[in-house]
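This report concerns only the one structure given below.
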Amino acid sequence: MSDLPEIRIGTAEREQALEALTQHFSDGRLTVTEFDERSGQITSATTRGQLDKVFEDLPALTPSTPAPVAPEARDADREKTWRNTVMAVIPFVALALFFLVPIDNSWLFFLLIPATAAILFGGKDGRRGRGGC
């Protein structure tokens, strides 16, 4: 319950209350009819006390904490990020070389794109450390 139920509320508080009500509905604590009625009460509420009445018979929501990320997963994400960055840059490098290097077969620079992909991602099938083929 709020310390000062007569304090007026704004749009942000109503939106937070609607989000909480939606969470209660998705958790199965409310029927469709109850959800509709309480949503109407929230949108027409002008004070904290009116919002509190909507949630009187509902338990407090506990914020979900994200699962801790294993160090191996962080390393894999970091490795994936730099590889993706290199792959994003390679087409531009190939294009620059195409226009800047005066050779007859400058279109061959575009072969850098699949060659780089093969070097960076070749053999990376997600089975690192399993010891299998």
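Identifiers for the structure tokens are assigned positionally: chains receive A, B, ... in sequence, residues are indexed from 1 per chain, and ligands are indexed from 1 in the order shown.
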Residue neighbourhood segment 15-32 of chain A, 8 Å, only C-alpha atoms, exclusion window fewer than 3 positions, as number ranges by chain: A: 11-12, 35-36, 38-39, 42, 51, 58, 61
List as a CSV table (one decimal) with N, CA, C and O atoms, in the first residue's frame the protein and nucleic acid residues near Phe121 of chain A, meaning an atom at most 10 Å away when only C-alpha atoms are counted, but skip any in the same chain fewer than 4 places from it.
chain,number,residue,atom,x,y,z
A,80,LYS,N,32.3,-14.5,-31.4
A,80,LYS,CA,31.3,-14.3,-32.5
A,80,LYS,C,31.2,-12.9,-33.0
A,80,LYS,O,31.0,-12.6,-34.1
A,83,ARG,N,34.1,-11.8,-35.2
A,83,ARG,CA,34.1,-12.5,-36.5
A,83,ARG,C,33.0,-11.8,-37.4
A,83,ARG,O,33.2,-11.6,-38.5
A,84,ASN,N,31.8,-11.5,-36.7
A,84,ASN,CA,30.7,-10.8,-37.5
A,84,ASN,C,31.2,-9.4,-37.9
A,84,ASN,O,30.8,-9.0,-39.0
A,87,MET,N,33.4,-9.8,-41.0
A,87,MET,CA,32.6,-10.1,-42.1
A,87,MET,C,31.7,-9.0,-42.6
A,87,MET,O,31.5,-8.9,-43.8
A,115,ALA,N,36.0,-16.2,-49.2
A,115,ALA,CA,37.2,-16.7,-48.6
A,115,ALA,C,37.3,-16.3,-47.1
A,115,ALA,O,37.7,-17.2,-46.3
A,116,THR,N,37.0,-15.1,-46.8
A,116,THR,CA,37.0,-14.7,-45.4
A,116,THR,C,36.0,-15.4,-44.6
A,116,THR,O,36.3,-15.8,-43.5
A,117,ALA,N,34.9,-15.6,-45.1
A,117,ALA,CA,33.8,-16.4,-44.4
A,117,ALA,C,34.3,-17.8,-44.1
A,117,ALA,O,34.1,-18.3,-43.0
A,125,ASP,N,31.2,-25.5,-36.0
A,125,ASP,CA,29.8,-26.0,-36.0
A,125,ASP,C,29.2,-26.1,-34.6
A,125,ASP,O,28.2,-26.8,-34.5
Residue with smallest distance to Leu108 of chain A - pool A:Ala94, A:Val86, A:Ala60, A:Ile7, counting only C-alpha atoms: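 When distances to Leu108 of chain A are compared using only C-alpha atoms, the smallest one comes from A:Ala94.
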Alpha helix (DSSP H) positions in segment 1-91 of chain A, given as a ChimeraX atom specification: /A:11-26,32-44,48-54,71-91
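Of note, atom CA of Glu37 of chain A and atom CA of Leu4 of chain A are spaced 24.3 Å apart.
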